[in-house]
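Enquirer: Got a file for you: target_38.txt, compact mmCIF, N, CA and C atoms and all ligand atoms.
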```txt
# COMPACT_ATOMS: atom_id res chain seq x y z
N MET A 1 -191.93 -29.36 49.08
CA MET A 1 -191.29 -28.57 50.11
C MET A 1 -191.83 -28.98 51.49
N THR A 2 -190.93 -29.15 52.44
CA THR A 2 -191.37 -29.51 53.79
C THR A 2 -192.02 -28.30 54.47
N ALA A 3 -192.75 -28.57 55.53
CA ALA A 3 -193.40 -27.49 56.28
C ALA A 3 -192.34 -26.52 56.82
N LEU A 4 -191.23 -27.07 57.28
CA LEU A 4 -190.18 -26.22 57.84
C LEU A 4 -189.55 -25.35 56.75
N GLU A 5 -189.35 -25.95 55.59
CA GLU A 5 -188.75 -25.19 54.49
C GLU A 5 -189.70 -24.07 54.02
N SER A 6 -190.99 -24.33 54.02
CA SER A 6 -191.90 -23.27 53.61
C SER A 6 -192.00 -22.18 54.68
N LEU A 7 -191.87 -22.57 55.96
CA LEU A 7 -191.82 -21.58 57.04
C LEU A 7 -190.55 -20.72 56.90
N ARG A 8 -189.48 -21.35 56.50
CA ARG A 8 -188.22 -20.65 56.30
C ARG A 8 -188.35 -19.62 55.16
N GLN A 9 -188.96 -20.04 54.07
CA GLN A 9 -189.11 -19.12 52.94
C GLN A 9 -190.03 -17.96 53.28
N GLU A 10 -191.10 -18.26 54.00
CA GLU A 10 -192.03 -17.20 54.42
C GLU A 10 -191.33 -16.20 55.34
N THR A 11 -190.55 -16.73 56.30
CA THR A 11 -189.85 -15.87 57.26
C THR A 11 -188.79 -15.02 56.56
N ALA A 12 -188.05 -15.63 55.65
CA ALA A 12 -187.00 -14.91 54.91
C ALA A 12 -187.60 -13.80 54.06
N ALA A 13 -188.68 -14.09 53.37
CA ALA A 13 -189.30 -13.09 52.50
C ALA A 13 -189.89 -11.95 53.33
N ARG A 14 -190.52 -12.28 54.45
CA ARG A 14 -191.08 -11.25 55.33
C ARG A 14 -189.99 -10.30 55.82
N ALA A 15 -188.78 -10.84 56.02
CA ALA A 15 -187.64 -10.06 56.51
C ALA A 15 -186.86 -9.40 55.38
N ASN A 16 -187.34 -9.53 54.16
CA ASN A 16 -186.59 -9.04 52.99
C ASN A 16 -185.17 -9.60 52.95
N PHE A 17 -185.02 -10.84 53.41
CA PHE A 17 -183.75 -11.56 53.36
C PHE A 17 -182.64 -10.83 54.12
N ARG A 18 -183.03 -10.17 55.21
CA ARG A 18 -182.08 -9.50 56.08
C ARG A 18 -182.22 -10.07 57.48
N CYS A 19 -181.13 -9.95 58.25
CA CYS A 19 -181.23 -10.27 59.67
C CYS A 19 -182.16 -9.25 60.30
N GLU A 20 -183.15 -9.70 61.05
CA GLU A 20 -184.12 -8.78 61.62
C GLU A 20 -183.59 -8.07 62.86
N TYR A 21 -182.36 -8.43 63.29
CA TYR A 21 -181.74 -7.76 64.42
C TYR A 21 -180.69 -6.75 63.96
N CYS A 22 -179.70 -7.18 63.20
CA CYS A 22 -178.61 -6.27 62.80
C CYS A 22 -178.77 -5.72 61.38
N LEU A 23 -179.73 -6.23 60.64
CA LEU A 23 -180.08 -5.77 59.28
C LEU A 23 -179.11 -6.17 58.17
N VAL A 24 -178.11 -7.00 58.49
CA VAL A 24 -177.21 -7.47 57.42
C VAL A 24 -178.02 -8.33 56.44
N ARG A 25 -177.70 -8.21 55.16
CA ARG A 25 -178.40 -8.98 54.13
C ARG A 25 -177.79 -10.37 53.97
N GLU A 26 -178.65 -11.34 53.81
CA GLU A 26 -178.15 -12.70 53.62
C GLU A 26 -177.30 -12.81 52.35
N ALA A 27 -177.65 -12.04 51.33
CA ALA A 27 -176.94 -12.14 50.04
C ALA A 27 -175.46 -11.78 50.16
N VAL A 28 -175.06 -11.02 51.19
CA VAL A 28 -173.66 -10.64 51.34
C VAL A 28 -172.98 -11.44 52.45
N SER A 29 -173.67 -12.47 52.94
CA SER A 29 -173.10 -13.31 53.99
C SER A 29 -172.57 -14.60 53.38
N PHE A 30 -171.56 -15.14 53.99
CA PHE A 30 -171.03 -16.43 53.54
C PHE A 30 -171.90 -17.57 54.03
N TYR A 31 -172.74 -17.28 55.01
CA TYR A 31 -173.49 -18.35 55.66
C TYR A 31 -174.99 -18.19 55.47
N ARG A 32 -175.67 -19.32 55.46
CA ARG A 32 -177.12 -19.32 55.39
C ARG A 32 -177.66 -18.76 56.71
N PHE A 33 -178.67 -17.91 56.60
CA PHE A 33 -179.26 -17.35 57.81
C PHE A 33 -180.13 -18.40 58.52
N HIS A 34 -180.45 -18.10 59.77
CA HIS A 34 -181.18 -19.04 60.61
C HIS A 34 -182.63 -18.61 60.83
N LEU A 35 -183.46 -19.60 61.07
CA LEU A 35 -184.80 -19.36 61.58
C LEU A 35 -184.62 -19.28 63.09
N GLU A 36 -184.82 -18.12 63.64
CA GLU A 36 -184.53 -17.90 65.06
C GLU A 36 -185.84 -17.87 65.84
N HIS A 37 -185.86 -18.59 66.95
CA HIS A 37 -187.04 -18.58 67.83
C HIS A 37 -186.96 -17.35 68.73
N ILE A 38 -187.87 -16.41 68.57
CA ILE A 38 -187.87 -15.18 69.37
C ILE A 38 -188.02 -15.55 70.84
N LYS A 39 -189.04 -16.29 71.15
CA LYS A 39 -189.16 -16.92 72.48
C LYS A 39 -188.60 -18.32 72.28
N SER A 40 -187.47 -18.58 72.92
CA SER A 40 -186.76 -19.82 72.65
C SER A 40 -187.60 -21.04 73.04
N ARG A 41 -187.27 -22.15 72.39
CA ARG A 41 -187.99 -23.40 72.68
C ARG A 41 -187.88 -23.76 74.16
N LYS A 42 -186.71 -23.45 74.73
CA LYS A 42 -186.48 -23.72 76.16
C LYS A 42 -187.54 -23.04 77.03
N HIS A 43 -188.02 -21.88 76.58
CA HIS A 43 -189.03 -21.13 77.34
C HIS A 43 -190.44 -21.36 76.81
N GLY A 44 -190.59 -22.39 75.99
CA GLY A 44 -191.93 -22.74 75.52
C GLY A 44 -192.32 -22.14 74.18
N GLY A 45 -191.35 -21.48 73.51
CA GLY A 45 -191.63 -20.87 72.20
C GLY A 45 -191.86 -21.94 71.14
N MET A 46 -192.83 -21.69 70.28
CA MET A 46 -193.19 -22.65 69.24
C MET A 46 -192.46 -22.34 67.93
N THR A 47 -192.32 -23.39 67.12
CA THR A 47 -191.80 -23.18 65.76
C THR A 47 -193.00 -22.79 64.90
N ALA A 48 -193.39 -21.52 65.01
CA ALA A 48 -194.54 -21.01 64.30
C ALA A 48 -194.20 -19.61 63.80
N SER A 49 -194.82 -19.26 62.69
CA SER A 49 -194.50 -17.99 62.02
C SER A 49 -194.40 -16.81 62.98
N GLU A 50 -195.35 -16.68 63.90
CA GLU A 50 -195.37 -15.51 64.77
C GLU A 50 -194.29 -15.53 65.85
N ASN A 51 -193.56 -16.64 65.96
CA ASN A 51 -192.46 -16.71 66.92
C ASN A 51 -191.10 -16.84 66.24
N LEU A 52 -191.07 -16.65 64.93
CA LEU A 52 -189.80 -16.82 64.21
C LEU A 52 -189.31 -15.50 63.63
N ALA A 53 -187.99 -15.35 63.67
CA ALA A 53 -187.34 -14.20 63.03
C ALA A 53 -186.25 -14.75 62.12
N TYR A 54 -185.92 -13.97 61.10
CA TYR A 54 -184.80 -14.33 60.23
C TYR A 54 -183.57 -13.70 60.85
N SER A 55 -182.54 -14.50 61.06
CA SER A 55 -181.38 -14.00 61.81
C SER A 55 -180.08 -14.44 61.19
N CYS A 56 -179.09 -13.55 61.22
CA CYS A 56 -177.75 -13.96 60.80
C CYS A 56 -177.22 -14.92 61.86
N PRO A 57 -176.26 -15.77 61.50
CA PRO A 57 -175.74 -16.74 62.47
C PRO A 57 -175.15 -16.09 63.72
N GLU A 58 -174.55 -14.90 63.57
CA GLU A 58 -173.93 -14.26 64.73
C GLU A 58 -174.97 -13.79 65.74
N CYS A 59 -175.98 -13.09 65.27
CA CYS A 59 -177.03 -12.64 66.20
C CYS A 59 -177.68 -13.84 66.87
N ASN A 60 -177.96 -14.86 66.10
CA ASN A 60 -178.62 -16.04 66.66
C ASN A 60 -177.74 -16.73 67.70
N ALA A 61 -176.44 -16.85 67.41
CA ALA A 61 -175.53 -17.53 68.33
C ALA A 61 -175.41 -16.76 69.64
N HIS A 62 -175.32 -15.44 69.57
CA HIS A 62 -175.18 -14.65 70.80
C HIS A 62 -176.48 -14.64 71.60
N LYS A 63 -177.59 -14.65 70.91
CA LYS A 63 -178.89 -14.64 71.61
C LYS A 63 -179.13 -15.98 72.31
N GLY A 64 -178.79 -17.06 71.63
CA GLY A 64 -178.97 -18.38 72.22
C GLY A 64 -180.41 -18.58 72.66
N SER A 65 -180.60 -19.10 73.86
CA SER A 65 -181.96 -19.31 74.36
C SER A 65 -182.41 -18.15 75.26
N ASP A 66 -181.61 -17.08 75.32
CA ASP A 66 -181.98 -15.93 76.16
C ASP A 66 -183.21 -15.21 75.59
N VAL A 67 -183.94 -14.57 76.46
CA VAL A 67 -185.08 -13.77 76.02
C VAL A 67 -184.97 -12.33 76.53
N GLY A 68 -183.93 -12.06 77.32
CA GLY A 68 -183.73 -10.72 77.84
C GLY A 68 -182.47 -10.68 78.69
N THR A 69 -182.22 -9.51 79.28
CA THR A 69 -181.07 -9.37 80.17
C THR A 69 -181.35 -8.28 81.20
N PHE A 70 -180.37 -7.99 82.01
CA PHE A 70 -180.53 -6.99 83.05
C PHE A 70 -180.06 -5.61 82.58
N THR A 71 -180.66 -4.58 83.16
CA THR A 71 -180.20 -3.22 82.89
C THR A 71 -178.78 -3.07 83.44
N ASP A 72 -178.07 -2.03 82.99
CA ASP A 72 -176.68 -1.83 83.42
C ASP A 72 -176.54 -1.71 84.93
N ASP A 73 -177.56 -1.17 85.59
CA ASP A 73 -177.49 -1.04 87.06
C ASP A 73 -177.99 -2.30 87.77
N ASP A 74 -178.28 -3.35 86.97
CA ASP A 74 -178.68 -4.65 87.54
C ASP A 74 -180.02 -4.61 88.26
N GLU A 75 -180.80 -3.57 88.07
CA GLU A 75 -182.03 -3.41 88.83
C GLU A 75 -183.22 -4.13 88.22
N ARG A 76 -183.24 -4.22 86.89
CA ARG A 76 -184.42 -4.76 86.23
C ARG A 76 -184.05 -5.70 85.10
N LEU A 77 -184.98 -6.61 84.82
CA LEU A 77 -184.86 -7.52 83.70
C LEU A 77 -185.58 -6.87 82.52
N VAL A 78 -184.92 -6.83 81.37
CA VAL A 78 -185.51 -6.22 80.18
C VAL A 78 -185.53 -7.26 79.06
N ARG A 79 -186.66 -7.38 78.39
CA ARG A 79 -186.75 -8.34 77.29
C ARG A 79 -186.01 -7.81 76.07
N PHE A 80 -185.74 -8.72 75.15
CA PHE A 80 -185.10 -8.32 73.89
C PHE A 80 -186.12 -7.76 72.91
N PHE A 81 -185.60 -7.11 71.89
CA PHE A 81 -186.39 -6.65 70.75
C PHE A 81 -187.11 -7.84 70.13
N ASN A 82 -188.39 -7.66 69.84
CA ASN A 82 -189.20 -8.72 69.21
C ASN A 82 -189.59 -8.26 67.81
N PRO A 83 -188.97 -8.84 66.79
CA PRO A 83 -189.24 -8.39 65.42
C PRO A 83 -190.70 -8.54 65.00
N ARG A 84 -191.44 -9.39 65.67
CA ARG A 84 -192.85 -9.58 65.31
C ARG A 84 -193.74 -8.52 65.95
N LYS A 85 -193.28 -7.89 67.02
CA LYS A 85 -194.13 -6.94 67.74
C LYS A 85 -193.58 -5.52 67.76
N ASP A 86 -192.28 -5.37 67.64
CA ASP A 86 -191.64 -4.07 67.77
C ASP A 86 -191.19 -3.54 66.42
N THR A 87 -191.02 -2.23 66.35
CA THR A 87 -190.52 -1.58 65.13
C THR A 87 -189.04 -1.28 65.30
N TRP A 88 -188.23 -1.78 64.38
CA TRP A 88 -186.78 -1.67 64.50
C TRP A 88 -186.33 -0.23 64.77
N ALA A 89 -186.80 0.70 63.95
CA ALA A 89 -186.32 2.09 64.04
C ALA A 89 -186.73 2.79 65.34
N GLU A 90 -187.67 2.21 66.07
CA GLU A 90 -188.03 2.80 67.36
C GLU A 90 -187.06 2.36 68.46
N HIS A 91 -186.27 1.32 68.19
CA HIS A 91 -185.37 0.79 69.21
C HIS A 91 -183.88 0.89 68.90
N PHE A 92 -183.55 1.15 67.64
CA PHE A 92 -182.14 1.17 67.24
C PHE A 92 -181.87 2.32 66.28
N GLU A 93 -180.60 2.70 66.24
CA GLU A 93 -180.15 3.60 65.17
C GLU A 93 -178.79 3.12 64.70
N ILE A 94 -178.47 3.48 63.47
CA ILE A 94 -177.18 3.12 62.89
C ILE A 94 -176.34 4.38 62.80
N ASP A 95 -175.10 4.27 63.31
CA ASP A 95 -174.17 5.39 63.23
C ASP A 95 -172.81 4.83 62.84
N ASP A 96 -172.36 5.19 61.67
CA ASP A 96 -171.07 4.71 61.16
C ASP A 96 -170.94 3.18 61.34
N ALA A 97 -171.87 2.45 60.85
CA ALA A 97 -171.90 0.99 60.85
C ALA A 97 -172.20 0.37 62.22
N GLY A 98 -172.20 1.18 63.26
CA GLY A 98 -172.58 0.67 64.58
C GLY A 98 -174.10 0.62 64.68
N VAL A 99 -174.60 -0.41 65.37
CA VAL A 99 -176.05 -0.52 65.61
C VAL A 99 -176.26 -0.31 67.10
N TYR A 100 -176.94 0.80 67.44
CA TYR A 100 -177.05 1.19 68.84
C TYR A 100 -178.50 1.18 69.31
N GLY A 101 -178.71 0.61 70.47
CA GLY A 101 -180.03 0.64 71.09
C GLY A 101 -180.33 2.04 71.58
N ILE A 102 -181.55 2.51 71.34
CA ILE A 102 -181.95 3.84 71.81
C ILE A 102 -183.07 3.74 72.84
N THR A 103 -183.48 2.52 73.16
CA THR A 103 -184.44 2.28 74.23
C THR A 103 -183.81 1.20 75.13
N GLU A 104 -184.43 0.94 76.27
CA GLU A 104 -183.91 -0.14 77.13
C GLU A 104 -183.93 -1.47 76.39
N ILE A 105 -185.01 -1.71 75.65
CA ILE A 105 -185.10 -2.95 74.88
C ILE A 105 -184.00 -3.00 73.82
N GLY A 106 -183.79 -1.89 73.15
CA GLY A 106 -182.74 -1.83 72.13
C GLY A 106 -181.36 -2.02 72.74
N LYS A 107 -181.12 -1.38 73.88
CA LYS A 107 -179.80 -1.50 74.52
C LYS A 107 -179.54 -2.92 75.03
N ALA A 108 -180.57 -3.55 75.58
CA ALA A 108 -180.43 -4.94 76.05
C ALA A 108 -180.09 -5.85 74.87
N THR A 109 -180.75 -5.63 73.75
CA THR A 109 -180.53 -6.46 72.56
C THR A 109 -179.13 -6.20 71.99
N GLU A 110 -178.77 -4.94 71.90
CA GLU A 110 -177.43 -4.58 71.38
C GLU A 110 -176.33 -5.25 72.19
N LYS A 111 -176.49 -5.23 73.51
CA LYS A 111 -175.45 -5.75 74.40
C LYS A 111 -175.29 -7.26 74.25
N ILE A 112 -176.38 -7.99 74.34
CA ILE A 112 -176.28 -9.45 74.36
C ILE A 112 -176.04 -10.03 72.96
N LEU A 113 -176.61 -9.43 71.93
CA LEU A 113 -176.37 -9.94 70.57
C LEU A 113 -175.04 -9.41 70.01
N ARG A 114 -174.38 -8.56 70.78
CA ARG A 114 -173.03 -8.07 70.47
C ARG A 114 -172.93 -7.49 69.05
N PHE A 115 -173.88 -6.59 68.77
CA PHE A 115 -173.92 -5.96 67.46
C PHE A 115 -172.61 -5.26 67.10
N ASN A 116 -171.91 -4.73 68.11
CA ASN A 116 -170.80 -3.84 67.81
C ASN A 116 -169.44 -4.41 68.17
N ASP A 117 -169.33 -5.73 68.15
CA ASP A 117 -168.01 -6.35 68.28
C ASP A 117 -167.14 -5.84 67.14
N ALA A 118 -165.84 -5.72 67.41
CA ALA A 118 -164.93 -5.09 66.45
C ALA A 118 -165.02 -5.68 65.04
N GLU A 119 -165.05 -7.02 64.94
CA GLU A 119 -165.06 -7.63 63.59
C GLU A 119 -166.37 -7.33 62.87
N ARG A 120 -167.44 -7.26 63.62
CA ARG A 120 -168.74 -6.98 62.99
C ARG A 120 -168.79 -5.54 62.49
N LEU A 121 -168.18 -4.64 63.23
CA LEU A 121 -168.13 -3.24 62.78
C LEU A 121 -167.30 -3.11 61.51
N ILE A 122 -166.19 -3.80 61.48
CA ILE A 122 -165.33 -3.74 60.29
C ILE A 122 -166.08 -4.28 59.08
N TYR A 123 -166.75 -5.41 59.28
CA TYR A 123 -167.51 -6.03 58.20
C TYR A 123 -168.61 -5.10 57.69
N ARG A 124 -169.40 -4.54 58.61
CA ARG A 124 -170.51 -3.67 58.18
C ARG A 124 -170.00 -2.37 57.57
N ARG A 125 -168.86 -1.87 58.04
CA ARG A 125 -168.29 -0.65 57.46
C ARG A 125 -167.91 -0.91 56.00
N LYS A 126 -167.35 -2.09 55.76
CA LYS A 126 -167.01 -2.45 54.36
C LYS A 126 -168.27 -2.55 53.52
N LEU A 127 -169.29 -3.18 54.08
CA LEU A 127 -170.56 -3.29 53.34
C LEU A 127 -171.12 -1.90 53.03
N MET A 128 -171.01 -0.99 53.99
CA MET A 128 -171.50 0.38 53.78
C MET A 128 -170.77 1.05 52.63
N GLN A 129 -169.46 0.86 52.60
CA GLN A 129 -168.66 1.47 51.52
C GLN A 129 -169.09 0.94 50.16
N LEU A 130 -169.57 -0.29 50.14
CA LEU A 130 -170.02 -0.91 48.89
C LEU A 130 -171.50 -0.62 48.60
N GLY A 131 -172.13 0.12 49.50
CA GLY A 131 -173.55 0.43 49.34
C GLY A 131 -174.45 -0.75 49.65
N LEU A 132 -173.94 -1.70 50.44
CA LEU A 132 -174.70 -2.92 50.73
C LEU A 132 -175.22 -2.98 52.17
N TYR A 133 -175.04 -1.92 52.91
CA TYR A 133 -175.56 -1.83 54.27
C TYR A 133 -175.85 -0.38 54.59
N PRO A 134 -176.91 -0.02 55.32
CA PRO A 134 -177.97 -0.94 55.70
C PRO A 134 -178.84 -1.19 54.48
ZN ZN B 1 -177.72 -10.18 62.72
```
Would you mind writing the file out in structure tokens?
Ligand SMILES: [Zn+2]
Expert:
Amino acid sequence: MTALESLRQETAARANFRCEYCLVREAVSFYRFHLEHIKSRKHGGMTASENLAYSCPECNAHKGSDVGTFTDDDERLVRFFNPRKDTWAEHFEIDDAGVYGITEIGKATEKILRFNDAERLIYRRKLMQLGLYP
């Protein structure tokens, strides 16, 4: 096994094979999940266990190399949720398949990772009906 593959397995197992942002399970996804750099490589983030999160392709694609965004009033820059340092339930709640930020960090993450795009809500609602989400 390559070093990257073993890092991938370690990260996946630590995340219980779920996206660490939206909590969708890899087992119910058509796509392989990604090793996501919490602090992107562009900003100096390393490919190391403490900087990696397990992410569904959608969360990873929307996050891109961003590390935060602005508050709704454009006054301040807020970092994203960090799965290695923050506790999910302190920043988000689930309501009828929607994933909502309940802190500034949670709201910034919800907005940019587009947790509640219409297709994603439909998908997670179906998973909920099947008992597969969250
Ligand atoms: Zn996700």
Enquirer: Can you list every residue of chain A that has an atom at most 7 Å from ligand ZN 1 (chain B), with its nearest atom pair and the distance in Å to one decimal, using only C-alpha atoms and all ligand atoms, ordered by chain then number, as a Markdown table?
Expert:
```
| residue | atom | partner | partner_atom | distance |
| --- | --- | --- | --- | --- |
| A:Cys19 | CA | B:ZN1 | ZN | 4.7 |
| A:Glu20 | CA | B:ZN1 | ZN | 6.6 |
| A:Tyr21 | CA | B:ZN1 | ZN | 5.0 |
| A:Cys22 | CA | B:ZN1 | ZN | 4.0 |
| A:Leu23 | CA | B:ZN1 | ZN | 6.1 |
| A:Val24 | CA | B:ZN1 | ZN | 6.0 |
| A:Ser55 | CA | B:ZN1 | ZN | 5.4 |
| A:Cys56 | CA | B:ZN1 | ZN | 4.2 |
| A:Pro57 | CA | B:ZN1 | ZN | 6.9 |
| A:Glu58 | CA | B:ZN1 | ZN | 5.9 |
| A:Cys59 | CA | B:ZN1 | ZN | 4.3 |
```
Enquirer: Just want the 8 Å neighbourhood of Tyr133 in chain A, counted on all atoms listed in the file, with same-chain residues fewer than 2 positions away dropped. Output as a PyMOL selection string.
Expert: chain A and resi 23-25+97+124-131
Enquirer: When you look at Gly64 in chain A with a cut-off of 8 Å (counting all atoms listed in the file), what residues show up, excluding the ones that are within fewer than 6 positions of it in the same chain? I need them as a list of chain:residue names.
Expert: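 Counting only the stated atoms, we get A:His37, A:Ser40, A:Arg41, A:Glu58, A:Ile112, A:Leu113.
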Enquirer: Using N, CA and C atoms, can you export the residues from the last selection as a short mmCIF file (atom, residue, chain, number, x, y, z; two decimals), in the coordinates of the input?
Expert:
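Contents of selection-v8.cif, as written:
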```cif
data_model
loop_
_atom_site.label_atom_id
_atom_site.label_comp_id
_atom_site.auth_asym_id
_atom_site.auth_seq_id
_atom_site.Cartn_x
_atom_site.Cartn_y
_atom_site.Cartn_z
N HIS A 37 -185.86 -18.59 66.95
CA HIS A 37 -187.04 -18.58 67.83
C HIS A 37 -186.96 -17.35 68.73
N SER A 40 -187.47 -18.58 72.92
CA SER A 40 -186.76 -19.82 72.65
C SER A 40 -187.60 -21.04 73.04
N ARG A 41 -187.27 -22.15 72.39
CA ARG A 41 -187.99 -23.40 72.68
C ARG A 41 -187.88 -23.76 74.16
N GLU A 58 -174.55 -14.90 63.57
CA GLU A 58 -173.93 -14.26 64.73
C GLU A 58 -174.97 -13.79 65.74
N ILE A 112 -176.38 -7.99 74.34
CA ILE A 112 -176.28 -9.45 74.36
C ILE A 112 -176.04 -10.03 72.96
N LEU A 113 -176.61 -9.43 71.93
CA LEU A 113 -176.37 -9.94 70.57
C LEU A 113 -175.04 -9.41 70.01
#
```
Enquirer: From the set A:Tyr54, A:Tyr31, A:Phe70, A:Phe92, which residue has the shortest atom-to-atom contact distance to Leu7 in chain A, counting only C-alpha atoms?
Expert: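 Between A:Tyr54, A:Tyr31, A:Phe70, A:Phe92, the residue approaching Leu7 in chain A most closely is A:Tyr54.
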Enquirer: Looking at A:Leu52, A:Leu132, A:Val78, A:Val67, which one is nearest to Ser29 in chain A, with distances taken over only C-alpha atoms?
Expert: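 Closest to Ser29 in chain A of all the choices is A:Leu132.
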Enquirer: Separation of atom C of Asp86 in chain A and atom C of Met1 in chain A, in Å?
Expert: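 Value for the atom C of Asp86 in chain A-atom C of Met1 in chain A distance: 29.5 Å.
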Enquirer: When DSSP is applied to the backbone of this structure, which of chain A are assigned strand (DSSP E)? Write them out as a list in words.
Expert: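 These are the residues in question: His34, Leu35, Glu36, His37, Leu52, Ala53, Tyr54, Ser55, Gly68, Thr69, Phe70, Leu77, Val78, Arg79, Phe92, Glu93, Ile94, Asp95, Gly98, Val99, Tyr100 and Gly101 of chain A.
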Enquirer: So how far away is CA of Asn16 in chain A from CA of Glu110 in chain A, in Å?
Expert: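 One can read the CA of Glu110 in chain A to CA of Asn16 in chain A distance as 21.0 Å.
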Enquirer: In Å to one decimal, how far is CA of Lys63 in chain A from atom C of Lys42 in chain A?
Expert: 13.2 Å
Enquirer: Put a box with edges along x, y and z around all the listed atoms of range 115-120 of chain A, pad it by 6 Å on each side, then give me its centre and sizes in Å, one decimal, as lines of an AutoDock Vina configuration file.
Expert:
```
center_x = -169.4
center_y = -5.7
center_z = 65.6
size_x = 21.0
size_y = 15.8
size_z = 18.3
```
Enquirer: Which residues are near Glu104 in chain A? Cut-off 10 Å, only C-alpha atoms, ignore same chain within fewer than 3 positions. Put them as a PyMOL selection string.
Expert: chain A and resi 70-72+77-81+91+101+107-110
Enquirer: If you run DSSP over the backbone, which residues in chain A end up helix (DSSP H, G or I)? Put them as an NGL selection string.
Expert: :A and (3-14 or 26-28 or 41-43 or 49-51 or 57-63 or 88-91 or 104-113 or 118-129)
Enquirer: Here is a test: counting only C-alpha atoms, which residue of A:Val99, A:Pro83, A:Ala15, A:Glu26 is nearest to Ile38 in chain A?
Expert: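 Counting only C-alpha atoms, the residue closest to Ile38 in chain A is A:Pro83.
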Enquirer: Using only C-alpha atoms, which of the listed residues (A:Asp73, A:Ala48, A:Ala13, A:Phe115) sits closest to Asn60 in chain A?
Expert: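 The answer is A:Phe115, which sits nearest to Asn60 in chain A.
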Enquirer: Taking the structure I provided as the source, export range 61-79 of chain A with N, CA and C atoms, as a PDB file, in the first residue's frame.
Expert:
```pdb
ATOM      1  N   ALA A  61     -15.690  19.852  -4.059  1.00  0.00           N
ATOM      2  CA  ALA A  61     -15.683  20.698  -5.261  1.00  0.00           C
ATOM      3  C   ALA A  61     -16.102  22.123  -4.922  1.00  0.00           C
ATOM      4  N   HIS A  62     -17.110  22.282  -4.077  1.00  0.00           N
ATOM      5  CA  HIS A  62     -17.563  23.634  -3.730  1.00  0.00           C
ATOM      6  C   HIS A  62     -16.540  24.353  -2.849  1.00  0.00           C
ATOM      7  N   LYS A  63     -15.879  23.613  -1.993  1.00  0.00           N
ATOM      8  CA  LYS A  63     -14.882  24.232  -1.103  1.00  0.00           C
ATOM      9  C   LYS A  63     -13.661  24.671  -1.903  1.00  0.00           C
ATOM     10  N   GLY A  64     -13.241  23.837  -2.840  1.00  0.00           N
ATOM     11  CA  GLY A  64     -12.085  24.187  -3.656  1.00  0.00           C
ATOM     12  C   GLY A  64     -10.883  24.505  -2.789  1.00  0.00           C
ATOM     13  N   SER A  65     -10.185  25.584  -3.104  1.00  0.00           N
ATOM     14  CA  SER A  65      -9.021  25.962  -2.301  1.00  0.00           C
ATOM     15  C   SER A  65      -9.378  27.022  -1.255  1.00  0.00           C
ATOM     16  N   ASP A  66     -10.676  27.305  -1.103  1.00  0.00           N
ATOM     17  CA  ASP A  66     -11.104  28.308  -0.114  1.00  0.00           C
ATOM     18  C   ASP A  66     -10.858  27.804   1.310  1.00  0.00           C
ATOM     19  N   VAL A  67     -10.667  28.728   2.212  1.00  0.00           N
ATOM     20  CA  VAL A  67     -10.518  28.375   3.625  1.00  0.00           C
ATOM     21  C   VAL A  67     -11.529  29.125   4.491  1.00  0.00           C
ATOM     22  N   GLY A  68     -12.307  30.004   3.865  1.00  0.00           N
ATOM     23  CA  GLY A  68     -13.307  30.763   4.601  1.00  0.00           C
ATOM     24  C   GLY A  68     -14.064  31.673   3.649  1.00  0.00           C
ATOM     25  N   THR A  69     -14.967  32.471   4.225  1.00  0.00           N
ATOM     26  CA  THR A  69     -15.714  33.428   3.411  1.00  0.00           C
ATOM     27  C   THR A  69     -16.121  34.615   4.282  1.00  0.00           C
ATOM     28  N   PHE A  70     -16.876  35.516   3.708  1.00  0.00           N
ATOM     29  CA  PHE A  70     -17.303  36.704   4.430  1.00  0.00           C
ATOM     30  C   PHE A  70     -18.671  36.509   5.072  1.00  0.00           C
ATOM     31  N   THR A  71     -18.901  37.224   6.168  1.00  0.00           N
ATOM     32  CA  THR A  71     -20.220  37.214   6.792  1.00  0.00           C
ATOM     33  C   THR A  71     -21.207  37.859   5.821  1.00  0.00           C
ATOM     34  N   ASP A  72     -22.508  37.640   6.058  1.00  0.00           N
ATOM     35  CA  ASP A  72     -23.534  38.168   5.155  1.00  0.00           C
ATOM     36  C   ASP A  72     -23.467  39.685   5.020  1.00  0.00           C
ATOM     37  N   ASP A  73     -23.048  40.371   6.076  1.00  0.00           N
ATOM     38  CA  ASP A  73     -22.948  41.838   5.994  1.00  0.00           C
ATOM     39  C   ASP A  73     -21.592  42.299   5.436  1.00  0.00           C
ATOM     40  N   ASP A  74     -20.780  41.315   4.991  1.00  0.00           N
ATOM     41  CA  ASP A  74     -19.498  41.623   4.344  1.00  0.00           C
ATOM     42  C   ASP A  74     -18.480  42.264   5.283  1.00  0.00           C
ATOM     43  N   GLU A  75     -18.711  42.215   6.573  1.00  0.00           N
ATOM     44  CA  GLU A  75     -17.854  42.921   7.518  1.00  0.00           C
ATOM     45  C   GLU A  75     -16.623  42.131   7.930  1.00  0.00           C
ATOM     46  N   ARG A  76     -16.765  40.809   7.987  1.00  0.00           N
ATOM     47  CA  ARG A  76     -15.674  40.000   8.522  1.00  0.00           C
ATOM     48  C   ARG A  76     -15.453  38.742   7.697  1.00  0.00           C
ATOM     49  N   LEU A  77     -14.218  38.263   7.767  1.00  0.00           N
ATOM     50  CA  LEU A  77     -13.844  37.009   7.146  1.00  0.00           C
ATOM     51  C   LEU A  77     -13.990  35.916   8.206  1.00  0.00           C
ATOM     52  N   VAL A  78     -14.657  34.836   7.846  1.00  0.00           N
ATOM     53  CA  VAL A  78     -14.884  33.732   8.791  1.00  0.00           C
ATOM     54  C   VAL A  78     -14.317  32.452   8.178  1.00  0.00           C
ATOM     55  N   ARG A  79     -13.565  31.711   8.960  1.00  0.00           N
ATOM     56  CA  ARG A  79     -13.004  30.457   8.457  1.00  0.00           C
ATOM     57  C   ARG A  79     -14.086  29.393   8.378  1.00  0.00           C
TER      58      ARG A  79
END
```
